[in-house]
Amino acid sequence: MTPVRKVLVTGSGGLIGGALFRDLGDQFEFTGLDVGTPDNPQVPITVGDLSDMESVRKAFDGVDCVIHLGADSNQNALWESVLPNNLIATRNVFEASKDAGVKRVVYASSNHAVGMHELDDPYSRIRRGDYDALDPDNIPQIDHTVQIRPDGQYGISKAFGEATGAYYAENFGLEVACLRIGTVNSDNRPVAVRQLATWCSHRDLLQLIHRCLEVEPLQFDIFYGVSNNKWRFWDIDHARDVLGYRPEDNGEDYRNSL
Ligand SMILES: NC(=O)c1ccc[n+]([C@@H]2O[C@H](COP(=O)([O-])OP(=O)(O)OC[C@H]3O[C@@H](n4cnc5c(N)ncnc54)[C@H](O)[C@@H]3O)[C@@H](O)[C@H]2O)c1
C-alpha cells in the first residue's frame, strides 16, 4: 500500500484536532477544516461550515484520508445544532470524500451511540463507583456488535454517522473506521468517578487514530476509544485484534487525584 500522506482533519480547531497535529504532525501531511479561524494555525486550514457542501468541497481534493472530528461535541446538544453540525455535516463529509476519491474516513463516533447500555446493571453501578461484589476482570464488555441504543440527540447523530459510513463503504468502496470515543478531556486524566471507566488518554486515542489510518485491510469497522482502565466496560479486544491497539494508560492510576 502507498503510505498515507495527505490527511484532512475536520473540526481541526478542537481538542482532539490540536492533539493530533502536536503528536502526529511529523508523520502526515495534515490540512484542517473548521468553522472558526484559529489564531495560530499549526497546519493549512480551510475555514468553512461542513453543513454547506459548496463551502467545503474543495478541501477534499487530493486527500488520501479524512479524520472527521467536526461536530457539536456536546452530549446534551440540542437538535437545532445537531441537525446541521452533526447530521448534515457528516453526510457531506462522506459524500465529498466519495466524490474526491478519498480512500478512507476515520469517523469520530461516540459511546453515546450506545449510551443506554450504560444504564443497565452492572454498568450503572460502575459509573457511580459502586463496585460491590464486582470483579473488574469479569465485567461483560459492551462491544461493537451491541444494539444501537443512543442516549440523546447527540447519540442519535453519532449512530446516524456510523450508518452513513456503512452505506458509503458498502456502496462506494470507501474505507470507514468508526471510533466510539469515550472521555477525552483537556486535563488528560479522569476528573469524575464515571471517567475511571470511560477515560481515553490522548496518547491512546492518537494511537487508535494512527492505526485506523494505516491498518490493512479495512472495509467498515467500529472500535471503542478507551484506555485500558481497570473498570472499563467497553471492549478493546476487537481493536487489539484488528488494529493491534496496545493502550498504555489506565484511569485507575488517577483515582487518588479525583
Ligand atoms: N472529547 C471527547 O470526549 C469525545 C468523546 C466522544 C466523541 N467525540 C467526538 O470527537 C470529535 C472531536 O471532539 P473534540 O473533543 O475535539 O471536540 P471539540 O468541540 O473540541 O471540536 C470540534 C470542532 O468541530 C468544529 N465544528 C463544529 N461544527 C462544525 C461545522 N458545521 N463545520 C466545521 N467545523 C465544525 C468546532 O468549531 C470545533 O473546533 C467530535 O465529533 C466529538 O463529538 C469526542
# chains A, B, ... in the order shown; residues from 1 in each chain; ligands from 1
>>> closest_atom_pairs(of="chain A", to="ligand 1", cutoff="6 Å", atoms="only C-alpha atoms and all ligand atoms", output="tab-separated table")
residue	atom	partner	partner_atom_place_in_ligand_line	distance
A:Gly11	CA	ligand 1	24 (O)	3.4
A:Ser12	CA	ligand 1	39 (O)	5.7
A:Gly13	CA	ligand 1	39 (O)	3.9
A:Gly14	CA	ligand 1	20 (O)	3.3
A:Leu15	CA	ligand 1	16 (O)	3.7
A:Ile16	CA	ligand 1	16 (O)	3.8
A:Gly17	CA	ligand 1	16 (O)	5.7
A:Asp34	CA	ligand 1	34 (N)	3.8
A:Val35	CA	ligand 1	33 (C)	4.3
A:Gly36	CA	ligand 1	37 (O)	5.5
A:Gly48	CA	ligand 1	33 (C)	5.9
A:Asp49	CA	ligand 1	32 (N)	3.7
A:Leu50	CA	ligand 1	32 (N)	3.8
A:Ser51	CA	ligand 1	31 (N)	5.2
A:Leu69	CA	ligand 1	11 (C)	3.9
A:Gly70	CA	ligand 1	24 (O)	3.4
A:Ala71	CA	ligand 1	27 (C)	4.0
A:Asp72	CA	ligand 1	27 (C)	4.9
A:Ser73	CA	ligand 1	43 (O)	3.7
A:Asn85	CA	ligand 1	31 (N)	4.0
A:Ala89	CA	ligand 1	31 (N)	5.9
A:Ala108	CA	ligand 1	10 (O)	4.7
A:Ser109	CA	ligand 1	7 (C)	5.4
A:Ser110	CA	ligand 1	6 (C)	4.1
A:Ile181	CA	ligand 1	6 (C)	4.1
A:Gly182	CA	ligand 1	5 (C)	5.0
A:Thr183	CA	ligand 1	3 (O)	3.7
A:Val184	CA	ligand 1	3 (O)	3.6
A:Asn185	CA	ligand 1	1 (N)	5.7
>>> residues_around(residues="region 173-180 of chain A", least_positions_apart="5", cutoff="8 Å", atoms="only C-alpha atoms", output="VMD selection string")
chain A and resid 98 102 to 113 162 165 to 166 168 212 218 to 225
>>> residues_around(residues="region 203-210 of chain A", least_positions_apart="4", cutoff="8 Å", atoms="only C-alpha atoms", output="PyMOL selection string")
chain A and resi 19-20+23-24+106+214+225-227+243+245-249
>>> select_by_dssp(residues="region 92-255 of chain A", states="strand (DSSP E or B)", output="list in words")
Arg104, Val105, Val106, Tyr107, Ala108, Ser109, Ser110, Ile142, Glu175, Val176, Ala177, Cys178, Leu179, Arg180, Ile181, Thr183, Trp199, Phe220, Asp221, Ile222, Phe223, Tyr224, Gly225 and Trp234 of chain A
>>> closest_residue(among="A:Asn76, A:Ser81, A:Thr10, A:Asn138", to="Gly152 (chain A)", atoms="only C-alpha atoms")
A:Asn76
>>> closest_residue(among="A:Ile236, A:Val215, A:Ala163, A:Leu258", to="Arg91 (chain A)", atoms="only C-alpha atoms")
A:Ala163
>>> atom_distance(atom1="CA of Arg211 (chain A)", atom2="CA of Thr90 (chain A)")
21.7 Å
>>> residues_around(residues="Pro136 (chain A)", least_positions_apart="4", cutoff="9 Å", atoms="only C-alpha atoms", output="mmCIF file with N, CA and C atoms, in the first residue's frame")
data_model
loop_
_atom_site.group_PDB
_atom_site.id
_atom_site.type_symbol
_atom_site.label_atom_id
_atom_site.label_comp_id
_atom_site.auth_asym_id
_atom_site.auth_seq_id
_atom_site.Cartn_x
_atom_site.Cartn_y
_atom_site.Cartn_z
ATOM 1 N N TYR A 131 -18.782 -0.660 43.412
ATOM 2 C CA TYR A 131 -18.161 -1.857 42.833
ATOM 3 C C TYR A 131 -18.475 -3.115 43.645
ATOM 4 N N LYS A 230 -9.023 -0.074 34.565
ATOM 5 C CA LYS A 230 -9.394 -1.236 35.388
ATOM 6 C C LYS A 230 -10.904 -1.503 35.337
ATOM 7 N N TRP A 231 -11.720 -0.439 35.383
ATOM 8 C CA TRP A 231 -13.178 -0.606 35.444
ATOM 9 C C TRP A 231 -13.865 -0.350 34.108
ATOM 10 N N ARG A 232 -13.091 -0.433 33.022
ATOM 11 C CA ARG A 232 -13.675 -0.194 31.697
ATOM 12 C C ARG A 232 -14.758 -1.233 31.402
ATOM 13 N N PHE A 233 -15.821 -0.805 30.690
ATOM 14 C CA PHE A 233 -16.853 -1.765 30.293
ATOM 15 C C PHE A 233 -17.074 -1.767 28.794
#
>>> closest_residue(among="A:Asn229, A:Thr37, A:Ser97, A:Gln153", to="Asp61 (chain A)", atoms="only C-alpha atoms")
A:Ser97
>>> select_by_dssp(residues="region 33-253 of chain A", states="alpha helix (DSSP H)", output="PyMOL selection string")
chain A and resi 53-56+79-82+89-100+123-127+153-172+195-198+202-214+237-243
>>> write_last_selection(atoms="C-alpha atoms", output="PDB file, in the first residue's frame")
ATOM      1  CA  MET A  53     -21.241  21.405   0.921  1.00  0.00           C
ATOM      2  CA  GLU A  54     -20.115  24.042  -1.565  1.00  0.00           C
ATOM      3  CA  SER A  55     -18.030  25.902   1.012  1.00  0.00           C
ATOM      4  CA  VAL A  56     -16.041  22.798   1.968  1.00  0.00           C
ATOM      5  CA  TRP A  79     -31.492  19.196  17.779  1.00  0.00           C
ATOM      6  CA  GLU A  80     -31.226  22.672  16.214  1.00  0.00           C
ATOM      7  CA  SER A  81     -27.433  22.350  16.371  1.00  0.00           C
ATOM      8  CA  VAL A  82     -27.148  18.581  15.922  1.00  0.00           C
ATOM      9  CA  ALA A  89     -22.156  17.819   8.091  1.00  0.00           C
ATOM     10  CA  THR A  90     -21.354  14.120   8.407  1.00  0.00           C
ATOM     11  CA  ARG A  91     -23.343  13.165   5.316  1.00  0.00           C
ATOM     12  CA  ASN A  92     -21.490  15.922   3.445  1.00  0.00           C
ATOM     13  CA  VAL A  93     -18.109  14.603   4.623  1.00  0.00           C
ATOM     14  CA  PHE A  94     -18.848  11.104   3.296  1.00  0.00           C
ATOM     15  CA  GLU A  95     -20.328  12.445   0.046  1.00  0.00           C
ATOM     16  CA  ALA A  96     -17.422  14.848  -0.570  1.00  0.00           C
ATOM     17  CA  SER A  97     -14.942  12.058   0.273  1.00  0.00           C
ATOM     18  CA  LYS A  98     -16.568   9.740  -2.259  1.00  0.00           C
ATOM     19  CA  ASP A  99     -16.621  12.438  -4.944  1.00  0.00           C
ATOM     20  CA  ALA A 100     -12.968  13.359  -4.361  1.00  0.00           C
ATOM     21  CA  TYR A 123     -22.511  -0.629  34.262  1.00  0.00           C
ATOM     22  CA  SER A 124     -24.894   1.683  36.111  1.00  0.00           C
ATOM     23  CA  ARG A 125     -23.123   0.752  39.337  1.00  0.00           C
ATOM     24  CA  ILE A 126     -19.621   1.044  37.918  1.00  0.00           C
ATOM     25  CA  ARG A 127     -20.322   4.523  36.562  1.00  0.00           C
ATOM     26  CA  GLN A 153     -29.933  13.755  20.136  1.00  0.00           C
ATOM     27  CA  TYR A 154     -26.120  13.766  20.073  1.00  0.00           C
ATOM     28  CA  GLY A 155     -26.028   9.966  20.387  1.00  0.00           C
ATOM     29  CA  ILE A 156     -28.610   9.684  17.612  1.00  0.00           C
ATOM     30  CA  SER A 157     -26.358  11.813  15.388  1.00  0.00           C
ATOM     31  CA  LYS A 158     -23.374   9.550  16.053  1.00  0.00           C
ATOM     32  CA  ALA A 159     -25.430   6.442  15.219  1.00  0.00           C
ATOM     33  CA  PHE A 160     -26.512   8.222  12.020  1.00  0.00           C
ATOM     34  CA  GLY A 161     -22.848   8.872  11.212  1.00  0.00           C
ATOM     35  CA  GLU A 162     -21.966   5.203  11.648  1.00  0.00           C
ATOM     36  CA  ALA A 163     -24.898   4.168   9.440  1.00  0.00           C
ATOM     37  CA  THR A 164     -23.882   6.711   6.806  1.00  0.00           C
ATOM     38  CA  GLY A 165     -20.329   5.379   6.891  1.00  0.00           C
ATOM     39  CA  ALA A 166     -21.592   1.824   6.414  1.00  0.00           C
ATOM     40  CA  TYR A 167     -23.615   2.944   3.390  1.00  0.00           C
ATOM     41  CA  TYR A 168     -20.656   4.642   1.710  1.00  0.00           C
ATOM     42  CA  ALA A 169     -18.400   1.685   2.497  1.00  0.00           C
ATOM     43  CA  GLU A 170     -20.753  -0.911   1.039  1.00  0.00           C
ATOM     44  CA  ASN A 171     -21.930   1.063  -1.953  1.00  0.00           C
ATOM     45  CA  PHE A 172     -18.893   3.091  -2.961  1.00  0.00           C
ATOM     46  CA  GLN A 195     -14.389   8.569  33.852  1.00  0.00           C
ATOM     47  CA  LEU A 196     -12.336   5.994  35.774  1.00  0.00           C
ATOM     48  CA  ALA A 197     -14.154   3.593  33.417  1.00  0.00           C
ATOM     49  CA  THR A 198     -14.638   5.752  30.318  1.00  0.00           C
ATOM     50  CA  HIS A 202      -4.653  11.470  24.416  1.00  0.00           C
ATOM     51  CA  ARG A 203      -1.848   9.084  23.540  1.00  0.00           C
ATOM     52  CA  ASP A 204      -4.151   6.043  23.464  1.00  0.00           C
ATOM     53  CA  LEU A 205      -6.659   7.847  21.236  1.00  0.00           C
ATOM     54  CA  LEU A 206      -3.904   9.058  18.917  1.00  0.00           C
ATOM     55  CA  GLN A 207      -2.551   5.523  18.706  1.00  0.00           C
ATOM     56  CA  LEU A 208      -6.036   4.314  17.724  1.00  0.00           C
ATOM     57  CA  ILE A 209      -6.466   7.009  15.087  1.00  0.00           C
ATOM     58  CA  HIS A 210      -2.976   6.295  13.751  1.00  0.00           C
ATOM     59  CA  ARG A 211      -3.750   2.565  13.493  1.00  0.00           C
ATOM     60  CA  CYS A 212      -7.089   3.333  11.782  1.00  0.00           C
ATOM     61  CA  LEU A 213      -5.209   5.349   9.156  1.00  0.00           C
ATOM     62  CA  GLU A 214      -2.722   2.600   8.437  1.00  0.00           C
ATOM     63  CA  ASP A 237     -10.207  -6.809  22.284  1.00  0.00           C
ATOM     64  CA  HIS A 238     -11.622  -6.076  18.829  1.00  0.00           C
ATOM     65  CA  ALA A 239      -9.278  -3.072  18.445  1.00  0.00           C
ATOM     66  CA  ARG A 240      -6.394  -5.188  19.757  1.00  0.00           C
ATOM     67  CA  ASP A 241      -7.154  -7.939  17.208  1.00  0.00           C
ATOM     68  CA  VAL A 242      -7.885  -5.815  14.137  1.00  0.00           C
ATOM     69  CA  LEU A 243      -5.761  -2.734  14.728  1.00  0.00           C
TER      70      LEU A 243
END
